[in-house]
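To keep things clear, I will list the structure first and then write my remarks on it.
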Amino acid sequence: QARLVESGGGLVQPGGSLRLSCRPSGMITSTFNGNDWGWYKQAPGKQRELVASITNTRRTNYADSAKDRFTISSDSSRKMVYLQMNSLRPEDTAVYYCNNLKESFDWGQGTQVTVSS
């Protein structure tokens, strides 16, 4: 079973940027390429929600809160999924996770993003 490893979070001021990375450790390339991937966030006291997604044909989709600020991408050769986050706002503060869109892999530990002055 692949293990999802997220990284790249941190403390940033409003208006700042972060790039999150997700590495499905132990996953073979064909499995990675056969999945549609998503970045999810879970703020304190709230349910986990999908922020951005990318299909295996590179089609992307974003939650309204992420449009025009976030960009999801993937690198098949490295088996990595990224989330470039720009113009960050305090309401983006959350733990960010990656998973496929079926949410069928065990959740990783996530990476904390805190936007605060």
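Just so we're on the same page: first chain in the structure tokens is A, next is B, and so on; residues restart at 1 for each chain, and ligands are numbered from 1 in the order they show up.
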Write out as a list of chain:residue names which residues come within 10 Å of Met80 of chain A when counting only C-alpha atoms, dropping same-chain ones fewer than 2 positions away.
-> A:Val5, A:Glu6, A:Ser21, A:Cys22, A:Arg23, A:Pro24, A:Ser25, A:Phe32, A:Ser73, A:Ser74, A:Asp75, A:Ser76, A:Ser77, A:Arg78, A:Tyr82
Taking N, CA and C atoms for each residue, export the selection above as a PDB file, in the first residue's frame.
```pdb
ATOM      1  N   VAL A   5       2.894  11.156   1.248  1.00  0.00           N
ATOM      2  CA  VAL A   5       3.775  12.019   2.040  1.00  0.00           C
ATOM      3  C   VAL A   5       3.657  13.440   1.510  1.00  0.00           C
ATOM      4  N   GLU A   6       3.105  14.323   2.328  1.00  0.00           N
ATOM      5  CA  GLU A   6       2.948  15.726   1.948  1.00  0.00           C
ATOM      6  C   GLU A   6       4.022  16.571   2.627  1.00  0.00           C
ATOM      7  N   SER A  21       4.046  19.765  -1.890  1.00  0.00           N
ATOM      8  CA  SER A  21       4.425  18.588  -2.673  1.00  0.00           C
ATOM      9  C   SER A  21       3.820  17.339  -2.056  1.00  0.00           C
ATOM     10  N   CYS A  22       3.470  16.410  -2.901  1.00  0.00           N
ATOM     11  CA  CYS A  22       2.922  15.131  -2.449  1.00  0.00           C
ATOM     12  C   CYS A  22       3.653  14.015  -3.170  1.00  0.00           C
ATOM     13  N   ARG A  23       4.183  13.083  -2.397  1.00  0.00           N
ATOM     14  CA  ARG A  23       4.891  11.954  -2.973  1.00  0.00           C
ATOM     15  C   ARG A  23       4.237  10.665  -2.486  1.00  0.00           C
ATOM     16  N   PRO A  24       3.599   9.929  -3.388  1.00  0.00           N
ATOM     17  CA  PRO A  24       3.041   8.630  -2.992  1.00  0.00           C
ATOM     18  C   PRO A  24       4.166   7.605  -2.909  1.00  0.00           C
ATOM     19  N   SER A  25       4.711   7.465  -1.727  1.00  0.00           N
ATOM     20  CA  SER A  25       5.853   6.583  -1.537  1.00  0.00           C
ATOM     21  C   SER A  25       5.468   5.130  -1.769  1.00  0.00           C
ATOM     22  N   PHE A  32       0.423   5.422 -10.336  1.00  0.00           N
ATOM     23  CA  PHE A  32       0.363   6.881 -10.215  1.00  0.00           C
ATOM     24  C   PHE A  32      -0.335   7.483 -11.440  1.00  0.00           C
ATOM     25  N   SER A  73      -0.454  20.647 -10.206  1.00  0.00           N
ATOM     26  CA  SER A  73       0.292  20.041 -11.306  1.00  0.00           C
ATOM     27  C   SER A  73       0.805  18.683 -10.848  1.00  0.00           C
ATOM     28  N   SER A  74       1.253  17.904 -11.815  1.00  0.00           N
ATOM     29  CA  SER A  74       1.810  16.599 -11.476  1.00  0.00           C
ATOM     30  C   SER A  74       2.993  16.306 -12.376  1.00  0.00           C
ATOM     31  N   ASP A  75       3.882  15.483 -11.887  1.00  0.00           N
ATOM     32  CA  ASP A  75       5.068  15.078 -12.629  1.00  0.00           C
ATOM     33  C   ASP A  75       5.093  13.558 -12.618  1.00  0.00           C
ATOM     34  N   SER A  76       4.744  12.967 -13.749  1.00  0.00           N
ATOM     35  CA  SER A  76       4.651  11.514 -13.803  1.00  0.00           C
ATOM     36  C   SER A  76       5.996  10.839 -13.620  1.00  0.00           C
ATOM     37  N   SER A  77       7.040  11.455 -14.157  1.00  0.00           N
ATOM     38  CA  SER A  77       8.363  10.833 -14.066  1.00  0.00           C
ATOM     39  C   SER A  77       8.853  10.783 -12.622  1.00  0.00           C
ATOM     40  N   ARG A  78       8.458  11.754 -11.830  1.00  0.00           N
ATOM     41  CA  ARG A  78       8.877  11.785 -10.430  1.00  0.00           C
ATOM     42  C   ARG A  78       7.780  11.269  -9.503  1.00  0.00           C
ATOM     43  N   TYR A  82       1.844  18.518  -7.076  1.00  0.00           N
ATOM     44  CA  TYR A  82       2.189  19.800  -6.467  1.00  0.00           C
ATOM     45  C   TYR A  82       0.962  20.700  -6.362  1.00  0.00           C
TER      46      TYR A  82
END
```
Report the closest atom pair, with its distance in Å rounded to one decimal, for each residue of segment 45-83 of chain A that has an atom no farther than 10 Å from segment 36-39 of chain A; count only C-alpha atoms, sort by chain and then rising residue number, and write it as JSON lines.
```
{"residue": "A:Glu49", "atom": "CA", "partner": "A:Trp39", "partner_atom": "CA", "distance": 8.6}
{"residue": "A:Leu50", "atom": "CA", "partner": "A:Trp39", "partner_atom": "CA", "distance": 6.1}
{"residue": "A:Val51", "atom": "CA", "partner": "A:Trp39", "partner_atom": "CA", "distance": 5.6}
{"residue": "A:Ala52", "atom": "CA", "partner": "A:Trp39", "partner_atom": "CA", "distance": 5.3}
{"residue": "A:Ser53", "atom": "CA", "partner": "A:Gly38", "partner_atom": "CA", "distance": 4.1}
{"residue": "A:Ile54", "atom": "CA", "partner": "A:Trp37", "partner_atom": "CA", "distance": 5.3}
{"residue": "A:Thr55", "atom": "CA", "partner": "A:Asp36", "partner_atom": "CA", "distance": 4.2}
{"residue": "A:Asn56", "atom": "CA", "partner": "A:Asp36", "partner_atom": "CA", "distance": 5.3}
{"residue": "A:Thr57", "atom": "CA", "partner": "A:Asp36", "partner_atom": "CA", "distance": 8.5}
{"residue": "A:Arg58", "atom": "CA", "partner": "A:Asp36", "partner_atom": "CA", "distance": 8.7}
{"residue": "A:Arg59", "atom": "CA", "partner": "A:Asp36", "partner_atom": "CA", "distance": 9.3}
{"residue": "A:Thr60", "atom": "CA", "partner": "A:Gly38", "partner_atom": "CA", "distance": 9.4}
{"residue": "A:Asn61", "atom": "CA", "partner": "A:Gly38", "partner_atom": "CA", "distance": 9.2}
{"residue": "A:Tyr62", "atom": "CA", "partner": "A:Gly38", "partner_atom": "CA", "distance": 9.6}
{"residue": "A:Ile72", "atom": "CA", "partner": "A:Trp39", "partner_atom": "CA", "distance": 8.0}
{"residue": "A:Ser73", "atom": "CA", "partner": "A:Trp37", "partner_atom": "CA", "distance": 9.3}
{"residue": "A:Ser74", "atom": "CA", "partner": "A:Trp37", "partner_atom": "CA", "distance": 8.6}
{"residue": "A:Val81", "atom": "CA", "partner": "A:Trp37", "partner_atom": "CA", "distance": 7.5}
{"residue": "A:Tyr82", "atom": "CA", "partner": "A:Trp39", "partner_atom": "CA", "distance": 8.5}
{"residue": "A:Leu83", "atom": "CA", "partner": "A:Trp39", "partner_atom": "CA", "distance": 7.3}
```
Go through A:Ser30, A:Ser7, A:Ser65, A:Gln47 and flag the residue nearest Cys98 of chain A, using only C-alpha atoms for the distances.
->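 Residue with the minimum atom-to-atom distance to Cys98 of chain A: A:Ser7.
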Members of segment 7-102 of chain A assigned strand (DSSP E) by DSSP, as a PyMOL selection string | chain A and resi 7+10-12+18-25+37-42+49-54+60-62+70-75+80-85+94-100
Distance atom CA of Leu18 of chain A-atom CA of Thr31 of chain A, one decimal place?
->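 Distance reported for this atom pair: 27.3 Å.
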Write out as a list of chain:residue names the residues lying within 12 Å of Gly16 of chain A, counting only C-alpha atoms and excluding same-chain residues fewer than 3 positions away.
->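 My list of contacting residues is A:Gly10, A:Leu11, A:Val12, A:Gln13, A:Arg19, A:Arg69, A:Phe70, A:Gln84, A:Met85, A:Asn86, A:Ser87, A:Leu88, A:Arg89, A:Pro90, A:Asp92, A:Val113, A:Thr114, A:Val115, A:Ser116, A:Ser117.
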Please, could you write that set of residues out with all heavy atoms as a short mmCIF file (atom, residue, chain, number, x, y, z; two decimals), in the first residue's frame?
```
data_model
loop_
_atom_site.label_atom_id
_atom_site.label_comp_id
_atom_site.auth_asym_id
_atom_site.auth_seq_id
_atom_site.Cartn_x
_atom_site.Cartn_y
_atom_site.Cartn_z
N GLY A 10 3.91 25.62 5.93
CA GLY A 10 4.64 26.51 6.82
C GLY A 10 3.81 27.70 7.21
O GLY A 10 2.60 27.75 6.95
N LEU A 11 4.48 28.64 7.86
CA LEU A 11 3.84 29.89 8.27
C LEU A 11 4.18 30.96 7.24
O LEU A 11 5.36 31.17 6.93
CB LEU A 11 4.35 30.30 9.66
CG LEU A 11 3.92 31.68 10.17
CD1 LEU A 11 2.41 31.74 10.34
CD2 LEU A 11 4.64 31.98 11.49
N VAL A 12 3.17 31.62 6.74
CA VAL A 12 3.38 32.65 5.73
C VAL A 12 2.44 33.82 5.99
O VAL A 12 1.34 33.64 6.55
CB VAL A 12 3.16 32.05 4.32
CG1 VAL A 12 1.73 31.59 4.13
CG2 VAL A 12 3.57 33.01 3.22
N GLN A 13 2.86 35.00 5.63
CA GLN A 13 2.03 36.18 5.80
C GLN A 13 0.96 36.24 4.71
O GLN A 13 1.15 35.67 3.62
CB GLN A 13 2.88 37.44 5.75
CG GLN A 13 3.82 37.59 6.92
CD GLN A 13 4.53 38.92 6.92
OE1 GLN A 13 4.61 39.60 5.89
NE2 GLN A 13 5.04 39.33 8.07
N ARG A 19 4.54 26.30 -1.94
CA ARG A 19 4.39 25.21 -2.89
C ARG A 19 4.37 23.90 -2.12
O ARG A 19 5.36 23.54 -1.47
CB ARG A 19 5.53 25.19 -3.90
CG ARG A 19 5.32 24.20 -5.05
CD ARG A 19 6.58 23.97 -5.81
NE ARG A 19 6.35 23.29 -7.08
CZ ARG A 19 7.27 22.57 -7.71
NH1 ARG A 19 8.48 22.46 -7.20
NH2 ARG A 19 6.99 21.99 -8.86
N ARG A 69 -5.80 31.52 -7.81
CA ARG A 69 -4.72 31.67 -6.81
C ARG A 69 -3.86 30.42 -6.71
O ARG A 69 -2.65 30.51 -6.46
CB ARG A 69 -5.31 31.99 -5.44
CG ARG A 69 -6.11 33.28 -5.36
CD ARG A 69 -6.46 33.63 -3.93
NE ARG A 69 -7.25 32.59 -3.28
CZ ARG A 69 -6.92 32.02 -2.12
NH1 ARG A 69 -5.82 32.39 -1.48
NH2 ARG A 69 -7.69 31.09 -1.59
N PHE A 70 -4.46 29.26 -6.86
CA PHE A 70 -3.75 27.99 -6.70
C PHE A 70 -3.60 27.31 -8.06
O PHE A 70 -4.46 27.44 -8.93
CB PHE A 70 -4.51 27.05 -5.77
CG PHE A 70 -4.64 27.51 -4.34
CD1 PHE A 70 -4.09 28.71 -3.91
CD2 PHE A 70 -5.31 26.73 -3.42
CE1 PHE A 70 -4.21 29.14 -2.59
CE2 PHE A 70 -5.43 27.12 -2.09
CZ PHE A 70 -4.89 28.33 -1.69
N GLN A 84 0.76 24.83 -6.09
CA GLN A 84 1.33 26.18 -5.95
C GLN A 84 0.23 27.08 -5.42
O GLN A 84 -0.84 27.19 -6.03
CB GLN A 84 1.83 26.69 -7.30
CG GLN A 84 2.39 28.09 -7.25
CD GLN A 84 3.66 28.21 -6.44
OE1 GLN A 84 4.54 27.36 -6.52
NE2 GLN A 84 3.75 29.27 -5.62
N MET A 85 0.50 27.69 -4.28
CA MET A 85 -0.50 28.53 -3.61
C MET A 85 0.02 29.95 -3.57
O MET A 85 1.05 30.23 -2.94
CB MET A 85 -0.74 28.00 -2.19
CG MET A 85 -1.06 26.50 -2.14
SD MET A 85 -1.02 25.82 -0.47
CE MET A 85 -2.45 26.60 0.23
N ASN A 86 -0.67 30.85 -4.23
CA ASN A 86 -0.30 32.26 -4.25
C ASN A 86 -1.39 33.10 -3.60
O ASN A 86 -2.52 32.63 -3.40
CB ASN A 86 -0.09 32.72 -5.69
CG ASN A 86 1.03 31.99 -6.39
OD1 ASN A 86 2.02 31.59 -5.76
ND2 ASN A 86 0.90 31.80 -7.69
N SER A 87 -1.05 34.33 -3.27
CA SER A 87 -2.01 35.27 -2.68
C SER A 87 -2.75 34.63 -1.51
O SER A 87 -3.99 34.69 -1.42
CB SER A 87 -3.01 35.74 -3.74
OG SER A 87 -2.34 36.34 -4.83
N LEU A 88 -1.99 34.03 -0.62
CA LEU A 88 -2.60 33.29 0.48
C LEU A 88 -3.36 34.20 1.43
O LEU A 88 -2.97 35.36 1.65
CB LEU A 88 -1.53 32.49 1.22
CG LEU A 88 -1.10 31.21 0.49
CD1 LEU A 88 0.24 30.71 1.00
CD2 LEU A 88 -2.16 30.14 0.65
N ARG A 89 -4.43 33.65 1.97
CA ARG A 89 -5.32 34.39 2.87
C ARG A 89 -5.40 33.65 4.21
O ARG A 89 -5.18 32.44 4.26
CB ARG A 89 -6.72 34.46 2.26
CG ARG A 89 -6.79 35.05 0.88
CD ARG A 89 -8.13 34.77 0.25
NE ARG A 89 -8.26 35.33 -1.10
CZ ARG A 89 -9.24 35.03 -1.94
NH1 ARG A 89 -10.18 34.17 -1.57
NH2 ARG A 89 -9.28 35.60 -3.13
N PRO A 90 -5.74 34.34 5.28
CA PRO A 90 -5.88 33.65 6.57
C PRO A 90 -6.84 32.47 6.51
O PRO A 90 -6.63 31.45 7.19
CB PRO A 90 -6.40 34.76 7.49
CG PRO A 90 -5.84 36.02 6.91
CD PRO A 90 -5.87 35.81 5.41
N ASP A 92 -7.10 30.35 4.30
CA ASP A 92 -6.45 29.17 3.71
C ASP A 92 -5.75 28.33 4.78
O ASP A 92 -5.28 27.23 4.47
CB ASP A 92 -5.40 29.60 2.67
CG ASP A 92 -6.02 30.31 1.48
OD1 ASP A 92 -7.09 29.88 1.01
OD2 ASP A 92 -5.42 31.30 1.02
N VAL A 113 -0.49 24.46 6.81
CA VAL A 113 -0.34 25.79 6.21
C VAL A 113 -1.00 26.79 7.15
O VAL A 113 -2.18 26.64 7.48
CB VAL A 113 -0.99 25.86 4.82
CG1 VAL A 113 -1.00 27.29 4.31
CG2 VAL A 113 -0.24 24.94 3.85
N THR A 114 -0.23 27.76 7.59
CA THR A 114 -0.75 28.79 8.47
C THR A 114 -0.49 30.15 7.83
O THR A 114 0.66 30.48 7.52
CB THR A 114 -0.09 28.74 9.85
OG1 THR A 114 -0.29 27.44 10.43
CG2 THR A 114 -0.69 29.79 10.77
N VAL A 115 -1.55 30.89 7.61
CA VAL A 115 -1.44 32.22 7.00
C VAL A 115 -1.82 33.24 8.06
O VAL A 115 -2.97 33.32 8.48
CB VAL A 115 -2.36 32.34 5.77
CG1 VAL A 115 -2.12 33.70 5.10
CG2 VAL A 115 -2.11 31.20 4.80
N SER A 116 -0.83 33.98 8.48
CA SER A 116 -1.06 34.92 9.57
C SER A 116 0.00 36.00 9.55
O SER A 116 1.16 35.76 9.18
CB SER A 116 -1.01 34.19 10.91
OG SER A 116 -1.12 35.09 12.00
N SER A 117 -0.39 37.20 9.96
CA SER A 117 0.58 38.29 10.07
C SER A 117 1.15 38.34 11.48
O SER A 117 1.99 39.19 11.78
CB SER A 117 -0.08 39.60 9.69
OG SER A 117 -1.25 39.82 10.47
#
```
Alpha helix (DSSP H) residues, from DSSP on the backbone, in chain A, as a list in words |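 Result set for chain A (alpha helix (DSSP H)): Thr29, Ser30, Thr31, Phe32 and Asn33 of chain A.
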Of the candidates A:Lys46, A:Arg3, A:Lys102, A:Lys41, which one gets nearest to Ile28 of chain A if we count only C-alpha atoms?
->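 Of A:Lys46, A:Arg3, A:Lys102, A:Lys41, the one nearest Ile28 of chain A, counting only C-alpha atoms, is A:Arg3.
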One decimal place gives the atom CA of Gly26 of chain A-atom CA of Phe105 of chain A separation as 12.0 Å
